[in-house]
>>> print(open('start_33.txt').read())   # compact mmCIF, N, CA and C atoms and all ligand atoms
# COMPACT_ATOMS: atom_id res chain seq x y z
N MET Z 1 -56.45 -21.69 14.74
CA MET Z 1 -55.92 -20.72 13.79
C MET Z 1 -56.78 -19.46 13.80
N HIS Z 2 -56.14 -18.37 13.49
CA HIS Z 2 -56.78 -17.06 13.65
C HIS Z 2 -56.52 -16.28 12.37
N ASN Z 3 -57.33 -16.51 11.36
CA ASN Z 3 -56.97 -15.98 10.04
C ASN Z 3 -57.87 -14.85 9.57
N ARG Z 4 -58.60 -14.26 10.49
CA ARG Z 4 -59.51 -13.17 10.08
C ARG Z 4 -58.74 -12.02 9.46
N ASP Z 5 -57.54 -11.76 9.99
CA ASP Z 5 -56.75 -10.64 9.50
C ASP Z 5 -56.48 -10.76 8.01
N ALA Z 6 -56.05 -11.93 7.59
CA ALA Z 6 -55.69 -12.15 6.20
C ALA Z 6 -56.91 -11.92 5.30
N VAL Z 7 -58.02 -12.45 5.70
CA VAL Z 7 -59.24 -12.31 4.90
C VAL Z 7 -59.61 -10.84 4.78
N PHE Z 8 -59.53 -10.14 5.90
CA PHE Z 8 -59.90 -8.73 5.92
C PHE Z 8 -59.02 -7.93 4.96
N LEU Z 9 -57.69 -8.17 5.01
CA LEU Z 9 -56.77 -7.44 4.15
C LEU Z 9 -57.05 -7.71 2.68
N ASP Z 10 -57.29 -8.96 2.34
CA ASP Z 10 -57.52 -9.31 0.95
C ASP Z 10 -58.81 -8.68 0.42
N GLU Z 11 -59.77 -8.48 1.30
CA GLU Z 11 -61.01 -7.84 0.88
C GLU Z 11 -60.81 -6.35 0.63
N LEU Z 12 -59.94 -5.77 1.43
CA LEU Z 12 -59.75 -4.31 1.37
C LEU Z 12 -58.99 -3.84 0.13
N CYS Z 13 -57.93 -4.53 -0.20
CA CYS Z 13 -56.98 -4.02 -1.19
C CYS Z 13 -56.82 -5.01 -2.33
N PRO Z 14 -56.29 -4.51 -3.44
CA PRO Z 14 -55.95 -5.45 -4.53
C PRO Z 14 -54.98 -6.50 -4.01
N LYS Z 15 -55.20 -7.74 -4.43
CA LYS Z 15 -54.47 -8.85 -3.82
C LYS Z 15 -52.96 -8.74 -3.96
N LEU Z 16 -52.50 -8.32 -5.13
CA LEU Z 16 -51.06 -8.29 -5.35
C LEU Z 16 -50.40 -7.29 -4.41
N ARG Z 17 -51.00 -6.12 -4.26
CA ARG Z 17 -50.43 -5.09 -3.40
C ARG Z 17 -50.35 -5.59 -1.96
N VAL Z 18 -51.40 -6.24 -1.53
CA VAL Z 18 -51.44 -6.76 -0.16
C VAL Z 18 -50.37 -7.82 0.01
N ARG Z 19 -50.23 -8.69 -1.00
CA ARG Z 19 -49.24 -9.76 -0.88
C ARG Z 19 -47.83 -9.17 -0.78
N ARG Z 20 -47.55 -8.16 -1.62
CA ARG Z 20 -46.22 -7.53 -1.58
C ARG Z 20 -45.99 -6.86 -0.24
N TRP Z 21 -47.02 -6.21 0.25
CA TRP Z 21 -46.90 -5.51 1.54
C TRP Z 21 -46.64 -6.51 2.66
N ARG Z 22 -47.39 -7.60 2.64
CA ARG Z 22 -47.19 -8.62 3.68
C ARG Z 22 -45.78 -9.20 3.60
N GLN Z 23 -45.32 -9.45 2.35
CA GLN Z 23 -43.97 -10.01 2.19
C GLN Z 23 -42.94 -9.04 2.72
N SER Z 24 -43.15 -7.73 2.49
CA SER Z 24 -42.17 -6.75 2.96
C SER Z 24 -42.13 -6.73 4.48
N LEU Z 25 -43.28 -6.93 5.13
CA LEU Z 25 -43.29 -6.99 6.60
C LEU Z 25 -42.51 -8.20 7.08
N HIS Z 26 -42.78 -9.36 6.46
CA HIS Z 26 -42.08 -10.59 6.87
C HIS Z 26 -40.57 -10.46 6.65
N SER Z 27 -40.19 -9.81 5.55
CA SER Z 27 -38.75 -9.73 5.25
C SER Z 27 -38.03 -8.85 6.27
N ARG Z 28 -38.74 -7.90 6.87
CA ARG Z 28 -38.09 -7.01 7.84
C ARG Z 28 -37.66 -7.76 9.10
N THR Z 29 -38.35 -8.82 9.43
CA THR Z 29 -37.96 -9.58 10.62
C THR Z 29 -37.23 -10.86 10.23
N GLY Z 30 -36.80 -10.96 8.96
CA GLY Z 30 -36.14 -12.19 8.53
C GLY Z 30 -37.11 -13.36 8.59
N GLN Z 31 -38.36 -13.13 8.24
CA GLN Z 31 -39.43 -14.15 8.24
C GLN Z 31 -39.60 -14.78 9.61
N SER Z 32 -39.40 -13.99 10.67
CA SER Z 32 -39.58 -14.58 11.99
C SER Z 32 -40.61 -13.80 12.79
N CYS Z 33 -41.24 -14.51 13.72
CA CYS Z 33 -42.28 -13.94 14.57
C CYS Z 33 -41.66 -12.86 15.46
N ILE Z 34 -42.28 -11.68 15.50
CA ILE Z 34 -41.72 -10.58 16.27
C ILE Z 34 -41.77 -10.89 17.77
N TYR Z 35 -42.66 -11.79 18.18
CA TYR Z 35 -42.82 -12.09 19.60
C TYR Z 35 -41.85 -13.18 20.08
N CYS Z 36 -41.78 -14.29 19.32
CA CYS Z 36 -41.04 -15.45 19.84
C CYS Z 36 -39.88 -15.87 18.95
N GLY Z 37 -39.80 -15.36 17.71
CA GLY Z 37 -38.68 -15.70 16.85
C GLY Z 37 -38.89 -16.92 15.97
N ASN Z 38 -40.01 -17.63 16.14
CA ASN Z 38 -40.30 -18.76 15.26
C ASN Z 38 -40.67 -18.23 13.87
N PRO Z 39 -40.70 -19.10 12.86
CA PRO Z 39 -41.05 -18.62 11.52
C PRO Z 39 -42.40 -17.88 11.51
N SER Z 40 -42.43 -16.72 10.87
CA SER Z 40 -43.67 -15.93 10.83
C SER Z 40 -44.57 -16.47 9.72
N GLU Z 41 -45.79 -16.80 10.10
CA GLU Z 41 -46.71 -17.40 9.14
C GLU Z 41 -47.93 -16.53 8.93
N SER Z 42 -47.99 -15.41 9.64
CA SER Z 42 -49.18 -14.57 9.56
C SER Z 42 -48.82 -13.14 9.93
N ILE Z 43 -49.78 -12.26 9.75
CA ILE Z 43 -49.60 -10.86 10.15
C ILE Z 43 -50.56 -10.59 11.31
N ASP Z 44 -50.00 -10.10 12.41
CA ASP Z 44 -50.83 -9.81 13.59
C ASP Z 44 -51.05 -8.31 13.72
N HIS Z 45 -52.27 -7.92 14.09
CA HIS Z 45 -52.56 -6.52 14.35
C HIS Z 45 -52.21 -6.20 15.81
N LEU Z 46 -51.26 -5.27 16.04
CA LEU Z 46 -50.87 -4.91 17.41
C LEU Z 46 -52.09 -4.40 18.16
N HIS Z 47 -52.76 -3.44 17.55
CA HIS Z 47 -54.02 -2.96 18.11
C HIS Z 47 -55.12 -3.68 17.34
N PRO Z 48 -55.89 -4.54 18.03
CA PRO Z 48 -56.82 -5.42 17.32
C PRO Z 48 -57.81 -4.67 16.42
N GLN Z 49 -58.11 -5.29 15.29
CA GLN Z 49 -59.03 -4.67 14.35
C GLN Z 49 -60.41 -4.43 14.96
N CYS Z 50 -60.82 -5.33 15.86
CA CYS Z 50 -62.15 -5.19 16.45
C CYS Z 50 -62.22 -3.96 17.35
N ARG Z 51 -61.04 -3.42 17.72
CA ARG Z 51 -61.04 -2.19 18.52
C ARG Z 51 -60.57 -1.00 17.69
N GLY Z 52 -60.66 -1.16 16.39
CA GLY Z 52 -60.36 -0.02 15.51
C GLY Z 52 -58.94 0.01 14.98
N GLY Z 53 -58.16 -1.05 15.23
CA GLY Z 53 -56.78 -1.11 14.72
C GLY Z 53 -56.78 -1.15 13.20
N LEU Z 54 -55.87 -0.40 12.60
CA LEU Z 54 -55.83 -0.28 11.14
C LEU Z 54 -54.86 -1.28 10.53
N SER Z 55 -55.09 -1.60 9.27
CA SER Z 55 -54.19 -2.48 8.53
C SER Z 55 -53.11 -1.65 7.87
N ILE Z 56 -52.26 -1.05 8.71
CA ILE Z 56 -51.13 -0.26 8.21
C ILE Z 56 -49.86 -0.86 8.82
N THR Z 57 -48.72 -0.54 8.21
CA THR Z 57 -47.46 -1.14 8.64
C THR Z 57 -47.22 -0.97 10.14
N GLU Z 58 -47.49 0.22 10.67
CA GLU Z 58 -47.23 0.49 12.09
C GLU Z 58 -48.05 -0.40 13.01
N ASN Z 59 -49.13 -0.95 12.50
CA ASN Z 59 -50.01 -1.75 13.36
C ASN Z 59 -49.96 -3.24 13.02
N CYS Z 60 -49.14 -3.60 12.04
CA CYS Z 60 -49.13 -4.99 11.58
C CYS Z 60 -47.74 -5.58 11.68
N VAL Z 61 -47.60 -6.68 12.42
CA VAL Z 61 -46.30 -7.29 12.62
C VAL Z 61 -46.33 -8.76 12.20
N PRO Z 62 -45.19 -9.26 11.71
CA PRO Z 62 -45.12 -10.68 11.39
C PRO Z 62 -45.21 -11.50 12.69
N ALA Z 63 -46.03 -12.53 12.68
CA ALA Z 63 -46.18 -13.38 13.86
C ALA Z 63 -46.41 -14.82 13.42
N CYS Z 64 -46.00 -15.75 14.29
CA CYS Z 64 -46.32 -17.15 14.00
C CYS Z 64 -47.80 -17.36 14.31
N LEU Z 65 -48.36 -18.43 13.81
CA LEU Z 65 -49.79 -18.67 14.01
C LEU Z 65 -50.11 -18.88 15.49
N SER Z 66 -49.16 -19.48 16.21
CA SER Z 66 -49.37 -19.75 17.63
C SER Z 66 -49.53 -18.44 18.39
N CYS Z 67 -48.59 -17.50 18.21
CA CYS Z 67 -48.67 -16.22 18.92
C CYS Z 67 -49.89 -15.43 18.46
N ASN Z 68 -50.12 -15.40 17.17
CA ASN Z 68 -51.24 -14.65 16.63
C ASN Z 68 -52.55 -15.14 17.24
N GLY Z 69 -52.70 -16.46 17.32
CA GLY Z 69 -53.93 -17.04 17.84
C GLY Z 69 -54.07 -16.85 19.34
N ARG Z 70 -52.95 -17.00 20.08
CA ARG Z 70 -53.04 -16.90 21.54
C ARG Z 70 -53.22 -15.46 21.99
N LYS Z 71 -52.60 -14.53 21.26
CA LYS Z 71 -52.74 -13.13 21.64
C LYS Z 71 -54.18 -12.69 21.43
N SER Z 72 -54.73 -13.12 20.32
CA SER Z 72 -56.13 -12.81 19.98
C SER Z 72 -56.37 -11.31 20.11
N ASP Z 73 -57.33 -10.89 20.93
CA ASP Z 73 -57.68 -9.47 21.01
C ASP Z 73 -57.14 -8.81 22.27
N ALA Z 74 -56.20 -9.48 22.95
CA ALA Z 74 -55.62 -8.91 24.17
C ALA Z 74 -54.73 -7.72 23.84
N ASP Z 75 -54.48 -6.87 24.85
CA ASP Z 75 -53.51 -5.80 24.67
C ASP Z 75 -52.14 -6.43 24.46
N VAL Z 76 -51.43 -5.98 23.45
CA VAL Z 76 -50.21 -6.66 23.03
C VAL Z 76 -49.14 -6.69 24.13
N PHE Z 77 -48.95 -5.58 24.86
CA PHE Z 77 -47.89 -5.57 25.87
C PHE Z 77 -48.30 -6.36 27.12
N ASP Z 78 -49.56 -6.27 27.51
CA ASP Z 78 -50.07 -7.11 28.61
C ASP Z 78 -49.85 -8.57 28.31
N TRP Z 79 -50.24 -8.95 27.10
CA TRP Z 79 -50.13 -10.35 26.70
C TRP Z 79 -48.68 -10.79 26.63
N TYR Z 80 -47.86 -9.95 25.99
CA TYR Z 80 -46.48 -10.35 25.74
C TYR Z 80 -45.69 -10.53 27.05
N ARG Z 81 -45.93 -9.64 28.01
CA ARG Z 81 -45.21 -9.73 29.29
C ARG Z 81 -45.46 -11.06 30.00
N ARG Z 82 -46.60 -11.68 29.73
CA ARG Z 82 -46.95 -12.92 30.42
C ARG Z 82 -46.40 -14.17 29.73
N GLN Z 83 -45.73 -13.99 28.57
CA GLN Z 83 -45.24 -15.15 27.84
C GLN Z 83 -43.88 -15.60 28.36
N ARG Z 84 -43.63 -16.92 28.30
CA ARG Z 84 -42.35 -17.41 28.81
C ARG Z 84 -41.21 -17.01 27.88
N PHE Z 85 -41.49 -16.70 26.63
CA PHE Z 85 -40.44 -16.26 25.71
C PHE Z 85 -40.29 -14.73 25.72
N TYR Z 86 -40.89 -14.07 26.74
CA TYR Z 86 -40.80 -12.61 26.82
C TYR Z 86 -39.35 -12.16 26.78
N ASP Z 87 -39.06 -11.16 25.97
CA ASP Z 87 -37.72 -10.60 25.86
C ASP Z 87 -37.88 -9.08 25.79
N PRO Z 88 -37.29 -8.35 26.78
CA PRO Z 88 -37.49 -6.89 26.80
C PRO Z 88 -37.01 -6.22 25.51
N ARG Z 89 -36.02 -6.82 24.84
CA ARG Z 89 -35.53 -6.23 23.60
C ARG Z 89 -36.59 -6.33 22.51
N ARG Z 90 -37.30 -7.47 22.52
CA ARG Z 90 -38.40 -7.62 21.56
C ARG Z 90 -39.55 -6.67 21.89
N ALA Z 91 -39.81 -6.48 23.20
CA ALA Z 91 -40.87 -5.55 23.60
C ALA Z 91 -40.53 -4.15 23.11
N MET Z 92 -39.25 -3.77 23.21
CA MET Z 92 -38.83 -2.45 22.71
C MET Z 92 -38.97 -2.39 21.19
N ALA Z 93 -38.66 -3.51 20.54
CA ALA Z 93 -38.78 -3.55 19.08
C ALA Z 93 -40.24 -3.36 18.65
N ILE Z 94 -41.15 -3.99 19.40
CA ILE Z 94 -42.57 -3.86 19.09
C ILE Z 94 -43.00 -2.41 19.27
N ARG Z 95 -42.51 -1.80 20.34
CA ARG Z 95 -42.84 -0.38 20.60
C ARG Z 95 -42.31 0.51 19.46
N ALA Z 96 -41.06 0.23 19.03
CA ALA Z 96 -40.47 1.02 17.95
C ALA Z 96 -41.25 0.83 16.65
N TRP Z 97 -41.65 -0.41 16.40
CA TRP Z 97 -42.44 -0.73 15.18
C TRP Z 97 -43.74 0.07 15.20
N MET Z 98 -44.39 0.08 16.37
CA MET Z 98 -45.64 0.82 16.54
C MET Z 98 -45.47 2.31 16.25
N ASP Z 99 -44.29 2.82 16.65
CA ASP Z 99 -43.99 4.24 16.44
C ASP Z 99 -43.57 4.53 15.01
N GLY Z 100 -43.48 3.50 14.20
CA GLY Z 100 -43.10 3.67 12.80
C GLY Z 100 -41.60 3.70 12.59
N ASP Z 101 -40.81 3.42 13.63
CA ASP Z 101 -39.36 3.40 13.49
C ASP Z 101 -38.91 1.97 13.22
N LEU Z 102 -39.10 1.53 11.98
CA LEU Z 102 -38.82 0.13 11.65
C LEU Z 102 -37.32 -0.18 11.70
N ARG Z 103 -36.49 0.84 11.40
CA ARG Z 103 -35.05 0.60 11.46
C ARG Z 103 -34.63 0.25 12.88
N LEU Z 104 -35.14 1.01 13.85
CA LEU Z 104 -34.83 0.73 15.25
C LEU Z 104 -35.40 -0.63 15.64
N ALA Z 105 -36.62 -0.92 15.20
CA ALA Z 105 -37.24 -2.21 15.51
C ALA Z 105 -36.37 -3.36 15.00
N MET Z 106 -35.87 -3.22 13.76
CA MET Z 106 -35.05 -4.28 13.18
C MET Z 106 -33.74 -4.44 13.96
N ARG Z 107 -33.17 -3.29 14.39
CA ARG Z 107 -31.92 -3.38 15.14
C ARG Z 107 -32.14 -4.09 16.48
N LEU Z 108 -33.24 -3.78 17.14
CA LEU Z 108 -33.54 -4.42 18.43
C LEU Z 108 -33.79 -5.91 18.24
N LEU Z 109 -34.45 -6.26 17.14
CA LEU Z 109 -34.72 -7.68 16.88
C LEU Z 109 -33.42 -8.43 16.60
N GLN Z 110 -32.50 -7.77 15.90
CA GLN Z 110 -31.22 -8.41 15.64
C GLN Z 110 -30.43 -8.62 16.92
N TRP Z 111 -30.60 -7.70 17.84
CA TRP Z 111 -29.96 -7.80 19.15
C TRP Z 111 -30.54 -9.01 19.90
N ALA Z 112 -31.85 -9.16 19.83
CA ALA Z 112 -32.51 -10.28 20.52
C ALA Z 112 -32.22 -11.60 19.83
N GLN Z 113 -31.90 -11.54 18.55
CA GLN Z 113 -31.76 -12.76 17.75
C GLN Z 113 -30.56 -12.56 16.81
N PRO Z 114 -29.35 -12.75 17.33
CA PRO Z 114 -28.14 -12.36 16.59
C PRO Z 114 -27.99 -13.02 15.22
N ASP Z 115 -28.58 -14.20 15.02
CA ASP Z 115 -28.44 -14.85 13.72
C ASP Z 115 -29.44 -14.33 12.70
N LEU Z 116 -30.23 -13.35 13.11
CA LEU Z 116 -31.26 -12.82 12.23
C LEU Z 116 -30.62 -11.98 11.12
N SER Z 117 -30.97 -12.25 9.90
CA SER Z 117 -30.51 -11.40 8.80
C SER Z 117 -31.69 -11.03 7.94
N PRO Z 118 -32.13 -9.78 8.01
CA PRO Z 118 -33.30 -9.37 7.23
C PRO Z 118 -33.10 -9.67 5.75
N THR Z 119 -34.08 -10.24 5.10
CA THR Z 119 -33.93 -10.65 3.70
C THR Z 119 -33.96 -9.45 2.75
N THR Z 120 -34.36 -8.27 3.26
CA THR Z 120 -34.33 -7.08 2.41
C THR Z 120 -32.90 -6.61 2.20
N ASN Z 121 -32.02 -7.00 3.10
CA ASN Z 121 -30.64 -6.55 3.04
C ASN Z 121 -29.81 -7.60 2.32
N ASP Z 122 -29.46 -7.34 1.04
CA ASP Z 122 -28.73 -8.36 0.29
C ASP Z 122 -27.25 -8.01 0.17
N ARG Z 123 -26.82 -7.01 0.96
CA ARG Z 123 -25.40 -6.71 0.95
C ARG Z 123 -24.65 -7.80 1.70
N PRO Z 124 -23.38 -8.04 1.35
CA PRO Z 124 -22.63 -9.09 2.05
C PRO Z 124 -22.43 -8.74 3.52
N ASN Z 125 -22.37 -9.76 4.32
CA ASN Z 125 -22.12 -9.61 5.75
C ASN Z 125 -20.75 -8.96 5.96
N PRO Z 126 -20.66 -7.83 6.70
CA PRO Z 126 -19.36 -7.17 6.89
C PRO Z 126 -18.31 -8.11 7.47
N ALA Z 127 -18.72 -9.08 8.27
CA ALA Z 127 -17.77 -10.03 8.86
C ALA Z 127 -17.05 -10.82 7.78
N ALA Z 128 -17.72 -11.03 6.65
CA ALA Z 128 -17.13 -11.80 5.56
C ALA Z 128 -16.10 -10.97 4.78
N LEU Z 129 -16.09 -9.67 5.02
CA LEU Z 129 -15.20 -8.79 4.26
C LEU Z 129 -13.96 -8.40 5.06
N LYS Z 130 -13.77 -9.04 6.19
CA LYS Z 130 -12.63 -8.70 7.04
C LYS Z 130 -11.32 -8.89 6.27
N PRO Z 131 -10.42 -7.91 6.40
CA PRO Z 131 -9.14 -8.06 5.70
C PRO Z 131 -8.39 -9.27 6.24
N ASN Z 132 -7.69 -9.95 5.40
CA ASN Z 132 -6.89 -11.08 5.88
C ASN Z 132 -5.50 -11.03 5.25
N SER Z 133 -4.69 -11.99 5.60
CA SER Z 133 -3.29 -11.95 5.20
C SER Z 133 -3.12 -12.13 3.69
N HIS Z 134 -4.18 -12.57 3.00
CA HIS Z 134 -4.04 -12.80 1.56
C HIS Z 134 -4.28 -11.55 0.75
N ASP Z 135 -4.68 -10.45 1.42
CA ASP Z 135 -4.99 -9.23 0.69
C ASP Z 135 -3.82 -8.76 -0.18
N ALA Z 136 -2.64 -8.82 0.38
CA ALA Z 136 -1.45 -8.35 -0.34
C ALA Z 136 -1.26 -9.19 -1.61
N ASP Z 137 -1.44 -10.51 -1.48
CA ASP Z 137 -1.30 -11.40 -2.63
C ASP Z 137 -2.30 -11.06 -3.72
N TRP Z 138 -3.52 -10.75 -3.27
CA TRP Z 138 -4.57 -10.43 -4.23
C TRP Z 138 -4.21 -9.21 -5.06
N SER Z 139 -3.77 -8.13 -4.36
CA SER Z 139 -3.48 -6.89 -5.10
C SER Z 139 -2.28 -7.11 -6.05
N TRP Z 140 -1.38 -7.96 -5.63
CA TRP Z 140 -0.23 -8.25 -6.49
C TRP Z 140 -0.69 -8.98 -7.77
N GLN Z 141 -1.62 -9.95 -7.58
CA GLN Z 141 -2.11 -10.72 -8.72
C GLN Z 141 -2.93 -9.86 -9.68
N ALA Z 142 -3.69 -8.90 -9.09
CA ALA Z 142 -4.56 -8.08 -9.90
C ALA Z 142 -3.75 -7.08 -10.73
N ALA Z 143 -2.57 -6.69 -10.26
CA ALA Z 143 -1.80 -5.63 -10.92
C ALA Z 143 -1.16 -6.09 -12.24
ZN ZN Z 201 -44.54 -16.43 17.78
>>> encode(input="start_33.txt", output="C-alpha cells")
Amino acid sequence: MHNRDAVFLDELCPKLRVRRWRQSLHSRTGQSCIYCGNPSESIDHLHPQCRGGLSITENCVPACLSCNGRKSDADVFDWYRRQRFYDPRRAMAIRAWMDGDLRLAMRLLQWAQPDLSPTTNDRPNPAALKPNSHDADWSWQAA
C-alpha cells in the first residue's frame, strides 16, 4: 500500500475540506480508477510529490490502491503505456485532466467505460426519457 499521499494532504489542509475535495475527485470518475476502471480507493499524484507535484485537482486523480502503489514515482504516461489494461482513451482522459479540462476527461472516461455514470450528475439518464407509445395516453389522463 502506498498511502503517503493521504497523510500529506491531511497534514496540509483542514480535514473536512480535504475529504470533500477527495470525494469530489472520486465522484468525477464514478468512484473508479482513472487507469484501470476498478473501484478508486485512493488519490494518485500524476506528477509525484517527491518531484514537486502539487496536491491540486489537475495533479490528483482517483486510483485503485494497486495502480497507485505500482505506479509509485514513475512518469505516469511511461508507466501507463506498459500496463496490460492500457487504453488510449484513458490516456487522453489523463492528459485532459492534467490540463484542467475535467469535462473532457469525464467524457473520454465514459467512452472507455460506457456504464460509467458520474455520481455528481443526478439528472435522469436521457435514455430513460425516450418518448414511447404511452405518451398520448399520459397527456390525455393529465388533461
Ligand atoms: Zn487501477
>>> closest_atom_pairs(input="start_33.txt", of="chain Z", to="ligand ZN 201 (chain Z)", cutoff="8 Å", atoms="only N, CA and C atoms and all ligand atoms", output="Markdown table")
| residue | atom | partner | partner_atom | distance |
| --- | --- | --- | --- | --- |
| Z:Ser32 | C | Z:ZN201 | ZN | 6.9 |
| Z:Cys33 | CA | Z:ZN201 | ZN | 4.6 |
| Z:Ile34 | N | Z:ZN201 | ZN | 5.7 |
| Z:Tyr35 | C | Z:ZN201 | ZN | 4.8 |
| Z:Cys36 | N | Z:ZN201 | ZN | 3.8 |
| Z:Gly37 | N | Z:ZN201 | ZN | 4.9 |
| Z:Asn38 | N | Z:ZN201 | ZN | 5.0 |
| Z:Pro39 | C | Z:ZN201 | ZN | 6.8 |
| Z:Ser40 | CA | Z:ZN201 | ZN | 7.0 |
| Z:Glu41 | N | Z:ZN201 | ZN | 7.8 |
| Z:Pro62 | C | Z:ZN201 | ZN | 7.1 |
| Z:Ala63 | C | Z:ZN201 | ZN | 5.0 |
| Z:Cys64 | N | Z:ZN201 | ZN | 3.8 |
| Z:Leu65 | N | Z:ZN201 | ZN | 5.9 |
| Z:Ser66 | C | Z:ZN201 | ZN | 5.4 |
| Z:Cys67 | N | Z:ZN201 | ZN | 4.2 |
| Z:Asn68 | N | Z:ZN201 | ZN | 5.7 |
>>> closest_residue(input="start_33.txt", among="Z:Thr57, Z:His45, Z:Asp73, Z:Ala112", to="Z:Pro88", atoms="all atoms listed in the file")
Z:Ala112
>>> atom_distance(input="start_33.txt", atom1="atom CA of Z:Gln23", atom2="atom CA of Z:Ala91")
22.1 Å
>>> atom_distance(input="start_33.txt", atom1="atom CA of Z:Leu116", atom2="atom C of Z:Leu102")
14.0 Å
>>> closest_residue(input="start_33.txt", among="Z:Gly69, Z:Pro114, Z:Cys60, Z:Ala96", to="Z:Leu25", atoms="all atoms listed in the file")
Z:Cys60
>>> atom_distance(input="start_33.txt", atom1="atom N of Z:Leu46", atom2="atom C of Z:Arg107")
19.2 Å
>>> decode(input="start_33.txt", residues="stretch 19-37 of chain Z", atoms="N, CA and C atoms", output="tab-separated table (two decimals), in the first residue's frame")
chain	number	residue	atom	x	y	z
Z	19	ARG	N	-11.37	16.09	2.73
Z	19	ARG	CA	-12.26	14.95	2.50
Z	19	ARG	C	-13.26	15.28	1.39
Z	20	ARG	N	-13.82	16.49	1.44
Z	20	ARG	CA	-14.79	16.89	0.40
Z	20	ARG	C	-14.12	16.94	-0.96
Z	21	TRP	N	-12.92	17.47	-0.97
Z	21	TRP	CA	-12.19	17.59	-2.24
Z	21	TRP	C	-11.90	16.20	-2.81
Z	22	ARG	N	-11.45	15.31	-1.95
Z	22	ARG	CA	-11.16	13.95	-2.41
Z	22	ARG	C	-12.43	13.27	-2.93
Z	23	GLN	N	-13.55	13.48	-2.19
Z	23	GLN	CA	-14.81	12.88	-2.63
Z	23	GLN	C	-15.22	13.42	-3.99
Z	24	SER	N	-14.99	14.73	-4.21
Z	24	SER	CA	-15.38	15.32	-5.49
Z	24	SER	C	-14.55	14.73	-6.62
Z	25	LEU	N	-13.27	14.43	-6.35
Z	25	LEU	CA	-12.44	13.79	-7.38
Z	25	LEU	C	-12.97	12.41	-7.70
Z	26	HIS	N	-13.26	11.63	-6.65
Z	26	HIS	CA	-13.76	10.27	-6.87
Z	26	HIS	C	-15.09	10.29	-7.63
Z	27	SER	N	-15.94	11.26	-7.30
Z	27	SER	CA	-17.27	11.28	-7.94
Z	27	SER	C	-17.15	11.60	-9.43
Z	28	ARG	N	-16.10	12.31	-9.83
Z	28	ARG	CA	-15.95	12.65	-11.25
Z	28	ARG	C	-15.69	11.43	-12.11
Z	29	THR	N	-15.09	10.41	-11.54
Z	29	THR	CA	-14.83	9.20	-12.33
Z	29	THR	C	-15.82	8.10	-11.96
Z	30	GLY	N	-16.90	8.46	-11.26
Z	30	GLY	CA	-17.85	7.43	-10.85
Z	30	GLY	C	-17.20	6.46	-9.88
Z	31	GLN	N	-16.35	6.96	-9.00
Z	31	GLN	CA	-15.62	6.16	-7.99
Z	31	GLN	C	-14.79	5.07	-8.63
Z	32	SER	N	-14.25	5.34	-9.82
Z	32	SER	CA	-13.42	4.30	-10.44
Z	32	SER	C	-12.03	4.82	-10.73
Z	33	CYS	N	-11.09	3.90	-10.77
Z	33	CYS	CA	-9.68	4.20	-11.01
Z	33	CYS	C	-9.53	4.76	-12.42
Z	34	ILE	N	-8.84	5.89	-12.56
Z	34	ILE	CA	-8.71	6.52	-13.87
Z	34	ILE	C	-7.86	5.66	-14.80
Z	35	TYR	N	-7.03	4.78	-14.23
Z	35	TYR	CA	-6.13	3.97	-15.05
Z	35	TYR	C	-6.79	2.67	-15.53
Z	36	CYS	N	-7.43	1.95	-14.59
Z	36	CYS	CA	-7.90	0.60	-14.93
Z	36	CYS	C	-9.40	0.42	-14.79
Z	37	GLY	N	-10.09	1.36	-14.14
Z	37	GLY	CA	-11.54	1.26	-14.03
Z	37	GLY	C	-12.04	0.52	-12.80
